[in-house]
Amino acid sequence: MNLFCYIHYSMKKEKQIIKYRQMGSRNKKTGKLNYYTVTSVDHKKFECECLGFQYRTYKDCKHITRLKYLLCIDR
Ligand SMILES: [Zn+2]
């Protein structure tokens, strides 16, 4: 957890686009885990590729919420 905080604060320079891979739910048919890419712009704007975010872009999906938690960003 501390490592994530350190990364967050050390990157406060220029505009940075970072892609994070977030673990999603397990596919009940295949038994495989789904992964979603969450894109961060300056750690201010977040976009996720999951369906939940595509339908409700005004609201953070659980992957973005979790990423913010890991990055120590409180909203
Ligand atoms: Zn998502």
# chains A, B, ... in the order shown; residues from 1 in each chain; ligands from 1

$ residues_near_ligand --ligand "ligand 1" --cutoff "9 Å" --atoms "only C-alpha atoms and all ligand atoms" --output "list in words"
Gln22, Gly24, Tyr36, Thr37, Val38, Glu47, Cys48, Glu49, Cys50, Leu51, Gly52, Phe53, Gln54, Asp60, Cys61, Lys62, His63, Ile64 and Thr65 of chain A

$ select_by_dssp --residues "region 2-69 of chain A" --states "strand (DSSP E)" --output "VMD selection string"
chain A and resid 17 to 26 33 to 41 45 to 48

$ write_last_selection --atoms "C-alpha atoms" --output "compact mmCIF listing (two decimals), in the first residue's frame"
# COMPACT_ATOMS: atom_id res chain seq x y z
CA ILE A 17 -1.33 8.71 -18.96
CA ILE A 18 -0.93 5.44 -17.16
CA LYS A 19 -2.75 2.21 -17.79
CA TYR A 20 -3.47 -0.09 -14.88
CA ARG A 21 -4.69 -3.63 -15.07
CA GLN A 22 -7.44 -4.33 -12.58
CA MET A 23 -8.72 -7.75 -11.70
CA GLY A 24 -12.43 -8.19 -12.28
CA SER A 25 -14.88 -10.90 -11.44
CA ARG A 26 -14.49 -14.54 -12.34
CA LEU A 33 -10.66 -14.15 -14.12
CA ASN A 34 -11.54 -11.08 -16.12
CA TYR A 35 -9.09 -8.22 -16.30
CA TYR A 36 -9.91 -4.63 -17.13
CA THR A 37 -7.60 -1.86 -18.16
CA VAL A 38 -8.15 1.38 -16.27
CA THR A 39 -6.60 4.41 -17.93
CA SER A 40 -5.53 7.31 -15.75
CA VAL A 41 -4.81 10.82 -16.99
CA LYS A 45 -9.54 11.45 -15.03
CA PHE A 46 -10.14 7.73 -15.02
CA GLU A 47 -11.61 5.51 -17.69
CA CYS A 48 -12.30 1.81 -17.55

$ atom_distance --atom1 "CA of Lys68 (chain A)" --atom2 "CA of Lys44 (chain A)"
9.8 Å
